[in-house]
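Trainee: This one is work.txt, compact mmCIF, C-alpha atoms.
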# COMPACT_ATOMS: atom_id res chain seq x y z
CA MET A 1 60.94 96.72 97.71
CA ALA A 2 59.86 96.64 94.05
CA ALA A 3 61.98 98.35 91.40
CA THR A 4 59.23 100.89 90.69
CA GLU A 5 59.18 101.93 94.34
CA LEU A 6 62.97 102.17 94.46
CA LEU A 7 62.91 104.28 91.31
CA THR A 8 60.33 106.64 92.82
CA GLU A 9 62.35 107.05 96.01
CA ALA A 10 65.62 107.46 94.10
CA ARG A 11 64.07 110.20 91.97
CA ALA A 12 63.07 111.91 95.21
CA GLY A 13 66.76 112.02 96.21
CA ASP A 14 67.12 108.80 98.23
CA GLY A 15 70.72 107.69 97.63
CA GLU A 16 70.24 104.31 99.28
CA ALA A 17 67.28 103.57 97.01
CA PHE A 18 69.44 104.44 94.00
CA ARG A 19 72.19 102.12 95.23
CA ARG A 20 69.72 99.26 95.67
CA LEU A 21 68.22 99.99 92.25
CA THR A 22 71.57 99.84 90.44
CA GLU A 23 73.54 97.35 92.55
CA PRO A 24 72.29 94.23 90.65
CA TYR A 25 73.88 95.59 87.47
CA ARG A 26 77.26 96.80 88.75
CA ARG A 27 79.29 93.70 87.90
CA GLU A 28 77.90 93.29 84.39
CA LEU A 29 78.25 97.02 83.66
CA GLN A 30 81.90 96.90 84.73
CA VAL A 31 82.49 93.95 82.39
CA HIS A 32 80.80 95.92 79.62
CA CYS A 33 83.11 98.87 80.25
CA TYR A 34 86.11 96.51 80.24
CA ARG A 35 85.11 95.07 76.87
CA MET A 36 84.85 98.61 75.54
CA LEU A 37 88.10 99.92 77.05
CA GLY A 38 90.38 96.91 77.55
CA SER A 39 91.53 98.15 80.96
CA VAL A 40 90.34 97.16 84.42
CA GLN A 41 91.22 100.55 85.88
CA ASP A 42 89.54 102.42 83.05
CA ALA A 43 86.48 100.19 83.39
CA GLU A 44 86.23 100.93 87.11
CA ASP A 45 86.52 104.66 86.42
CA ALA A 46 83.91 104.45 83.67
CA LEU A 47 81.55 102.55 85.95
CA GLN A 48 81.83 105.19 88.66
CA ASP A 49 81.20 107.94 86.10
CA THR A 50 78.24 105.95 84.75
CA LEU A 51 76.61 105.70 88.16
CA LEU A 52 77.23 109.39 88.81
CA ASP A 53 75.72 110.32 85.43
CA ALA A 54 72.77 108.03 86.09
CA TRP A 55 72.16 109.55 89.53
CA ARG A 56 72.26 113.06 88.12
CA GLY A 57 70.12 112.16 85.13
CA LEU A 58 67.56 109.95 86.84
CA GLY A 59 64.89 112.60 86.48
CA GLY A 60 65.22 112.32 82.72
CA PHE A 61 64.69 108.56 82.67
CA ALA A 62 61.34 108.27 80.90
CA GLY A 63 60.81 104.56 81.54
CA ARG A 64 60.51 103.63 77.85
CA SER A 65 63.15 100.95 78.48
CA SER A 66 64.18 98.94 81.53
CA ILE A 67 66.51 100.50 84.08
CA ARG A 68 69.15 97.97 82.97
CA THR A 69 68.94 99.05 79.34
CA TRP A 70 69.09 102.69 80.36
CA LEU A 71 72.20 102.04 82.44
CA TYR A 72 73.84 100.32 79.48
CA ARG A 73 73.07 103.39 77.40
CA VAL A 74 74.72 105.65 79.97
CA ALA A 75 77.73 103.29 80.34
CA THR A 76 78.26 102.91 76.60
CA ASN A 77 78.24 106.64 75.99
CA ARG A 78 80.53 107.21 78.95
CA CYS A 79 82.99 104.69 77.42
CA LEU A 80 82.74 106.36 74.00
CA ASN A 81 83.56 109.69 75.63
CA ALA A 82 86.53 108.09 77.37
CA LEU A 83 87.80 106.63 74.11
CA ARG A 84 87.54 110.02 72.41
CA SER A 85 89.40 111.85 75.17
CA THR A 86 92.05 109.28 76.12
CA ARG A 87 95.40 109.62 74.45
CA ARG A 88 96.80 106.50 72.86
CA ARG A 89 99.09 104.86 75.41
CA PRO A 90 102.59 104.35 74.04
CA ALA A 91 104.13 100.95 73.47
CA ARG A 92 106.95 99.95 75.77
CA ALA A 93 110.41 98.93 74.63
CA TRP A 94 111.86 95.51 75.39
CA GLY A 95 113.06 95.79 78.98
CA ASN A 96 115.60 93.00 79.44
CA PRO A 97 119.00 94.31 78.32
CA GLY A 98 120.62 90.93 78.97
CA VAL A 99 118.46 89.17 76.37
CA GLU A 100 118.16 89.91 72.67
CA PRO A 101 114.73 88.74 71.48
CA PRO A 102 114.46 87.24 67.99
CA GLU A 103 112.76 89.07 65.15
CA PRO A 104 109.01 89.12 65.89
CA THR A 105 106.35 87.88 63.50
CA ARG A 106 104.69 91.27 63.72
CA ILE A 107 104.45 94.43 65.78
CA GLY A 108 101.18 94.23 67.70
CA GLU A 109 98.52 96.86 67.16
CA VAL A 110 97.08 96.60 70.69
CA THR A 111 99.71 98.07 72.97
CA TRP A 112 97.47 98.58 75.97
CA LEU A 113 95.46 95.73 77.43
CA GLU A 114 94.92 94.46 80.96
CA PRO A 115 93.77 91.02 82.14
CA TYR A 116 90.43 90.83 83.94
CA PRO A 117 90.41 88.92 87.26
CA ASP A 118 87.90 86.08 87.34
CA ALA A 119 87.03 87.13 90.88
CA LEU A 120 85.32 90.20 89.36
CA LEU A 121 83.33 88.06 86.93
CA GLU A 122 81.25 86.40 89.64
CA GLY A 123 77.61 87.05 88.81
CA ALA A 124 78.49 89.12 85.74
CA LEU A 125 78.33 86.37 83.12
CA THR A 126 75.15 84.68 84.29
CA VAL A 127 72.89 87.28 82.70
CA VAL A 128 70.98 85.81 79.78
CA PRO A 129 71.62 87.96 76.68
CA GLY A 130 68.99 88.91 74.17
CA PRO A 131 68.00 86.41 71.46
CA GLU A 132 70.16 88.10 68.80
CA ALA A 133 73.45 87.58 70.63
CA ARG A 134 76.11 85.66 68.70
CA TYR A 135 78.71 85.08 71.37
CA GLU A 136 78.64 83.20 74.64
CA GLN A 137 79.39 85.46 77.60
CA THR A 138 82.50 83.44 78.46
CA GLU A 139 83.82 83.68 74.90
CA ALA A 140 83.21 87.42 74.84
CA ILE A 141 85.42 87.98 77.91
CA SER A 142 88.35 85.93 76.59
CA LEU A 143 91.62 87.70 75.87
CA ALA A 144 91.37 86.83 72.17
CA PHE A 145 87.95 88.48 71.87
CA THR A 146 88.88 91.47 74.01
CA THR A 147 92.06 92.05 72.00
CA ALA A 148 90.27 91.80 68.65
CA VAL A 149 87.52 94.17 69.77
CA GLN A 150 90.08 96.83 70.75
CA LEU A 151 91.11 97.05 67.09
CA LEU A 152 87.65 98.17 66.00
CA PRO A 153 86.73 101.85 65.75
CA ALA A 154 84.97 102.95 68.93
CA ARG A 155 81.45 103.19 67.54
CA GLN A 156 81.70 99.86 65.72
CA ARG A 157 83.00 98.36 68.95
CA ALA A 158 79.97 99.63 70.87
CA VAL A 159 77.50 98.37 68.27
CA LEU A 160 79.07 94.92 68.10
CA ILE A 161 79.12 94.48 71.87
CA LEU A 162 75.56 95.72 72.32
CA ARG A 163 74.22 93.61 69.45
CA ASP A 164 76.32 90.42 69.28
CA VAL A 165 77.35 90.05 72.93
CA LEU A 166 74.39 91.51 74.82
CA GLY A 167 71.77 90.76 72.19
CA TYR A 168 70.03 94.12 72.02
CA ARG A 169 67.88 94.76 68.94
CA ALA A 170 69.07 97.20 66.31
CA ASP A 171 66.39 99.75 67.18
CA GLU A 172 67.35 99.58 70.87
CA VAL A 173 71.02 100.15 70.02
CA ALA A 174 70.09 103.04 67.75
CA GLU A 175 68.27 104.71 70.62
CA MET A 176 71.18 104.07 73.00
CA LEU A 177 73.60 105.74 70.60
CA ASP A 178 71.27 108.50 69.38
CA SER A 179 71.60 107.04 65.91
CA THR A 180 69.46 105.36 63.25
CA THR A 181 68.73 101.70 62.70
CA GLU A 182 70.35 101.89 59.26
CA SER A 183 73.53 103.32 60.78
CA VAL A 184 73.60 100.53 63.38
CA HIS A 185 73.20 97.84 60.69
CA SER A 186 76.02 99.40 58.67
CA ALA A 187 78.36 99.69 61.67
CA LEU A 188 77.61 96.12 62.71
CA LYS A 189 78.38 94.76 59.25
CA ARG A 190 81.78 96.48 59.25
CA ALA A 191 82.49 95.44 62.84
CA ARG A 192 81.73 91.78 62.14
CA ALA A 193 84.01 91.82 59.12
CA GLY A 194 86.82 93.44 61.12
CA LEU A 195 86.43 91.04 64.01
CA GLY A 196 86.30 88.04 61.68
CA ARG A 197 89.71 88.95 60.25
CA ARG A 198 91.32 89.07 63.68
CA LEU A 199 89.56 86.48 65.82
CA PRO A 200 90.76 82.88 65.52
CA ASN A 201 87.76 80.66 64.80
CA ASP A 202 89.21 77.28 63.84
CA HIS A 203 90.60 76.07 67.17
CA GLU A 204 89.21 73.20 69.18
CA PRO A 205 87.28 74.30 72.26
CA ALA A 206 89.17 74.66 75.50
CA PRO A 207 88.72 71.99 78.18
CA ALA A 208 86.11 72.86 80.78
CA PRO A 209 87.46 75.04 83.62
CA ASP A 210 88.85 72.98 86.51
CA SER A 211 88.33 69.75 84.55
CA ALA A 212 90.80 66.88 84.64
CA ALA A 213 91.77 67.62 81.03
CA GLU A 214 92.51 71.26 81.81
CA GLN A 215 94.48 70.36 84.92
CA ALA A 216 96.58 67.74 83.12
CA LEU A 217 97.63 70.22 80.42
CA ILE A 218 98.26 73.00 82.91
CA ASP A 219 100.41 70.73 85.10
CA LYS A 220 102.66 70.03 82.10
CA PHE A 221 102.83 73.74 81.33
CA VAL A 222 103.79 74.65 84.90
CA ARG A 223 106.60 72.07 85.04
CA ALA A 224 108.09 73.19 81.74
CA TYR A 225 107.63 76.94 82.22
CA ALA A 226 108.94 77.02 85.78
CA ALA A 227 112.06 75.04 84.89
CA GLY A 228 112.81 76.80 81.60
CA ASP A 229 112.33 73.55 79.66
CA VAL A 230 111.98 74.96 76.14
CA ASP A 231 111.43 71.60 74.45
CA GLY A 232 108.82 70.56 77.02
CA LEU A 233 107.03 73.88 76.67
CA VAL A 234 107.03 73.93 72.86
CA ALA A 235 105.70 70.37 72.75
CA LEU A 236 102.49 71.70 74.31
CA PHE A 237 101.97 74.41 71.69
CA ALA A 238 99.52 74.37 68.83
CA GLU A 239 101.10 74.84 65.40
CA ASP A 240 99.80 78.42 65.19
CA VAL A 241 100.47 79.39 68.82
CA ARG A 242 100.66 83.12 69.52
CA VAL A 243 102.92 84.73 72.11
CA SER A 244 102.45 88.39 73.05
CA MET A 245 103.37 90.69 75.92
CA PRO A 246 101.50 94.02 75.96
CA PRO A 247 102.48 96.84 76.28
CA ILE A 248 105.64 95.50 74.58
CA PRO A 249 104.38 95.19 71.00
CA LEU A 250 106.45 92.16 69.94
CA GLU A 251 104.31 89.22 68.81
CA TYR A 252 105.42 85.71 67.84
CA GLU A 253 103.21 83.35 65.87
CA GLY A 254 103.85 79.69 65.09
CA ARG A 255 105.54 76.93 67.04
CA GLU A 256 109.01 77.37 65.51
CA VAL A 257 109.05 81.13 66.02
CA ALA A 258 107.78 80.74 69.61
CA ALA A 259 110.49 78.14 70.22
CA ASP A 260 113.15 80.64 69.09
CA PHE A 261 111.71 83.27 71.42
CA PHE A 262 111.68 81.05 74.51
CA ALA A 263 115.12 79.67 73.69
CA ALA A 264 116.37 83.27 73.79
CA VAL A 265 114.68 84.30 77.05
CA MET A 266 114.94 81.06 79.06
CA ASN A 267 118.61 81.33 79.89
CA GLU A 268 120.65 78.97 82.04
CA GLY A 269 119.64 80.64 85.30
CA TRP A 270 115.92 80.56 84.56
CA SER A 271 113.92 79.49 87.60
CA LEU A 272 110.37 80.62 88.32
CA ALA A 273 107.78 80.06 91.01
CA LEU A 274 104.25 80.07 89.58
CA VAL A 275 101.16 81.02 91.58
CA PRO A 276 97.88 80.00 89.90
CA THR A 277 94.92 82.31 89.40
CA ARG A 278 92.39 82.92 86.59
CA ALA A 279 91.91 85.83 84.22
CA ASN A 280 89.33 86.38 81.48
CA GLY A 281 87.91 82.93 82.21
CA GLN A 282 91.29 81.34 81.48
CA PRO A 283 94.12 79.78 83.52
CA ALA A 284 96.71 82.34 84.54
CA PHE A 285 99.89 82.36 86.61
CA ALA A 286 101.75 85.01 88.52
CA THR A 287 105.45 84.44 87.90
CA TYR A 288 108.20 85.08 90.44
CA LEU A 289 111.89 84.99 89.58
CA ASP A 290 114.64 83.70 91.86
CA PRO A 291 117.20 86.55 91.90
CA ALA A 292 119.69 85.07 94.38
CA PRO A 293 119.72 82.64 97.33
CA GLY A 294 118.16 84.11 100.47
CA ARG A 295 116.43 87.00 98.68
CA PRO A 296 112.67 87.26 98.04
CA ARG A 297 111.37 86.05 94.70
CA LEU A 298 110.48 89.05 92.55
CA GLY A 299 107.23 89.19 90.62
CA THR A 300 107.88 89.37 86.90
CA GLY A 301 104.27 89.45 85.72
CA LEU A 302 101.17 87.45 84.94
CA THR A 303 100.93 84.92 82.12
CA VAL A 304 97.47 84.06 80.78
CA VAL A 305 97.18 80.73 78.98
CA THR A 306 94.71 80.03 76.18
CA LEU A 307 93.91 76.35 75.67
CA ALA A 308 92.53 74.67 72.56
CA GLY A 309 91.80 70.96 72.90
CA ASP A 310 94.97 69.39 74.32
CA ARG A 311 97.25 72.21 73.16
CA ILE A 312 98.18 75.76 74.19
CA SER A 313 97.10 78.18 71.47
CA ALA A 314 98.27 81.45 73.06
CA LEU A 315 100.36 82.88 75.87
CA VAL A 316 99.94 86.52 76.88
CA LYS A 317 102.46 87.92 79.35
CA PHE A 318 101.57 91.05 81.35
CA ASP A 319 103.96 92.97 83.56
CA SER A 320 103.99 92.84 87.36
CA GLY A 321 101.85 95.96 87.69
CA VAL A 322 98.70 93.84 87.26
CA LEU A 323 99.45 91.52 90.21
CA PRO A 324 97.77 93.60 92.96
CA ARG A 325 94.46 93.48 91.07
CA PHE A 326 94.56 89.72 91.49
CA GLY A 327 95.32 89.99 95.20
CA LEU A 328 98.87 88.82 94.53
CA PRO A 329 102.07 90.29 96.00
CA ARG A 330 104.85 91.84 93.96
CA SER A 331 107.36 89.56 95.70
CA LEU A 332 107.27 86.20 97.45
CA ALA A 333 109.03 85.46 100.71
CA ARG A 334 110.88 82.16 100.85
Could you render the structure as structure tokens?

Mentor:
Amino acid sequence: MAATELLTEARAGDGEAFRRLTEPYRRELQVHCYRMLGSVQDAEDALQDTLLDAWRGLGGFAGRSSIRTWLYRVATNRCLNALRSTRRRPARAWGNPGVEPPEPTRIGEVTWLEPYPDALLEGALTVVPGPEARYEQTEAISLAFTTAVQLLPARQRAVLILRDVLGYRADEVAEMLDSTTESVHSALKRARAGLGRRLPNDHEPAPAPDSAAEQALIDKFVRAYAAGDVDGLVALFAEDVRVSMPPIPLEYEGREVAADFFAAVMNEGWSLALVPTRANGQPAFATYLDPAPGRPRLGTGLTVVTLAGDRISALVKFDSGVLPRFGLPRSLAR
């Protein structure tokens, strides 16, 4: 059935027609909400609210834009509302009393961020953006990009994503945000400047996913990380490697500082089992600690690895609460 027919039937109250009309855009809209909010759960909630708002407001859809563009308008404004009403989530204190971490390079500004399972990206990054887009879809879902975007004011964040990631024209964005073209241009200029200060742009490109080069580097990482081999791990790092662990705000930048951190946490009894997955288009590993012989291995979190050429440029460690979203257990039987 053609989209115009589905729209007519949906306006007449046909819920199935509405589902078929909006289903092709669900995955990409959820990714959009994730870029805006930095949280998988919040993105899922925003998507559900978007579809509910769209269903209720379908009679007001005048057809001046495509249904896709209209849905992006609804989703963006729903995310802006969420950002206005959501209280800032508190940072979490260091939770390992048996280990004293070294002095961090800085206290991170982004204390709440979740990794996005690659399984949810299927079909979401194949959409061709508008001609004015600046970022590849895969780059714009990376943890580095997502983290940097969270530091922008909400409206600047929306303008940058709509313009530079999705490629909408300035006049289209102005209509989406009930604003003016001049205001959009101004917000975009400030957003680009803010993003440029925070987004690394001088690294070599990562090896292609599932390539031999990626696998060779990851194999070395797994051997060193699982065994607590600090020297072997640090040898894989880029000079300006970054280590972070939201919602714990401690951040370590530089090979020597990262070496001090891992020397402190990788104690004599360190032994991990690593289960591979992918997050934000990047290699990731669920980590399980051996507590004692005969007991199940306990999930300690998810580590997302950023590669640059033949080096690791960033490690981001998330707590074990994210594991179920990746279909991974909180503990491993022996």

Trainee: Per residue of region 38-137 of chain A within 12 Å of region 311-316 of chain A, note the shortest atom pair and the distance in Å to one decimal, counting only C-alpha atoms, and order the rows by chain and increasing residue number, as CSV.

Mentor:
residue,atom,partner,partner_atom,distance
A:Leu113,CA,A:Val316,CA,10.3
A:Glu114,CA,A:Val316,CA,10.2
A:Pro115,CA,A:Val316,CA,9.3

Trainee: For Tyr135 (chain A), find every residue with an atom within 8 Å (counting all atoms listed in the file), except residues of its own chain fewer than 4 positions away, and show them as a ChimeraX atom specification.

Mentor: /A:139-140,164-165

Trainee: Which residues of region 99-165 of chain A sit at most 12 Å from region 40-62 of chain A, using all atoms listed in the file? Give each one's shortest atom pair and distance in Å (one decimal place), in chain and ascending residue order, as JSON lines.

Mentor:
{"residue": "A:Trp112", "atom": "CA", "partner": "A:Val40", "partner_atom": "CA", "distance": 11.1}
{"residue": "A:Leu113", "atom": "CA", "partner": "A:Val40", "partner_atom": "CA", "distance": 8.8}
{"residue": "A:Glu114", "atom": "CA", "partner": "A:Val40", "partner_atom": "CA", "distance": 6.3}
{"residue": "A:Pro115", "atom": "CA", "partner": "A:Val40", "partner_atom": "CA", "distance": 7.4}
{"residue": "A:Tyr116", "atom": "CA", "partner": "A:Val40", "partner_atom": "CA", "distance": 6.3}
{"residue": "A:Pro117", "atom": "CA", "partner": "A:Val40", "partner_atom": "CA", "distance": 8.7}
{"residue": "A:Asp118", "atom": "CA", "partner": "A:Val40", "partner_atom": "CA", "distance": 11.7}
{"residue": "A:Leu120", "atom": "CA", "partner": "A:Val40", "partner_atom": "CA", "distance": 9.9}
{"residue": "A:Leu121", "atom": "CA", "partner": "A:Val40", "partner_atom": "CA", "distance": 11.8}
{"residue": "A:Thr146", "atom": "CA", "partner": "A:Val40", "partner_atom": "CA", "distance": 12.0}

Trainee: Would you kindly return, as a list in words, each protein, DNA or RNA residue with an atom no farther than 10 Å from any atom of Leu177 (chain A), considering only C-alpha atoms and excluding same-chain residues fewer than 5 positions away?

Mentor: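 Near Leu177 (chain A), the qualifying residues are Arg73, Val74, Thr76, Asn77, Leu80, Arg155, Ala158, Val159, Asp171, Glu172 and Val184 of chain A.
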
Trainee: Include C-alpha atoms and write out the residues we just selected as a PDB file, keeping the file's coordinate frame.

Mentor:
ATOM      1  CA  ARG A  73      73.070 103.390  77.400  1.00  0.00           C
ATOM      2  CA  VAL A  74      74.720 105.650  79.970  1.00  0.00           C
ATOM      3  CA  THR A  76      78.260 102.910  76.600  1.00  0.00           C
ATOM      4  CA  ASN A  77      78.240 106.640  75.990  1.00  0.00           C
ATOM      5  CA  LEU A  80      82.740 106.360  74.000  1.00  0.00           C
ATOM      6  CA  ARG A 155      81.450 103.190  67.540  1.00  0.00           C
ATOM      7  CA  ALA A 158      79.970  99.630  70.870  1.00  0.00           C
ATOM      8  CA  VAL A 159      77.500  98.370  68.270  1.00  0.00           C
ATOM      9  CA  ASP A 171      66.390  99.750  67.180  1.00  0.00           C
ATOM     10  CA  GLU A 172      67.350  99.580  70.870  1.00  0.00           C
ATOM     11  CA  VAL A 184      73.600 100.530  63.380  1.00  0.00           C
TER      12      VAL A 184
END

Trainee: Return the single residue from A:Glu100, A:Glu23, A:Glu9, A:Asp14 that is closest to Asn267 (chain A), with distances computed using all atoms listed in the file.

Mentor: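 That would be A:Glu100, the residue with the smallest distance to Asn267 (chain A).
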
Trainee: Rank A:Val243, A:Ala10, A:Val234, A:Leu272 by their smallest atom-to-atom distance to Ala144 (chain A), using all atoms listed in the file, and report the top residue only.

Mentor: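 Closest to Ala144 (chain A), using all atoms listed in the file: A:Val243.
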
Trainee: Which residues are near Gly269 (chain A)? Cut-off 12 Å, all atoms listed in the file, ignore same chain within fewer than 3 positions. Put them as a list in words.

Mentor: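 Result of the neighbour search: Ala226, Ala227, Gly228, Asp229, Val265, Met266, Leu272, Leu289, Asp290, Pro291 and Ala292 of chain A.
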
Trainee: Can you list, as a list of chain:residue names, every protein, DNA or RNA residue that comes within 12 Å of Ala2 (chain A) when you count only C-alpha atoms, leaving out same-chain residues fewer than 6 positions away?

Mentor: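 In the requested format, the answer is A:Thr8, A:Glu9, A:Ala17, A:Arg20, A:Leu21.
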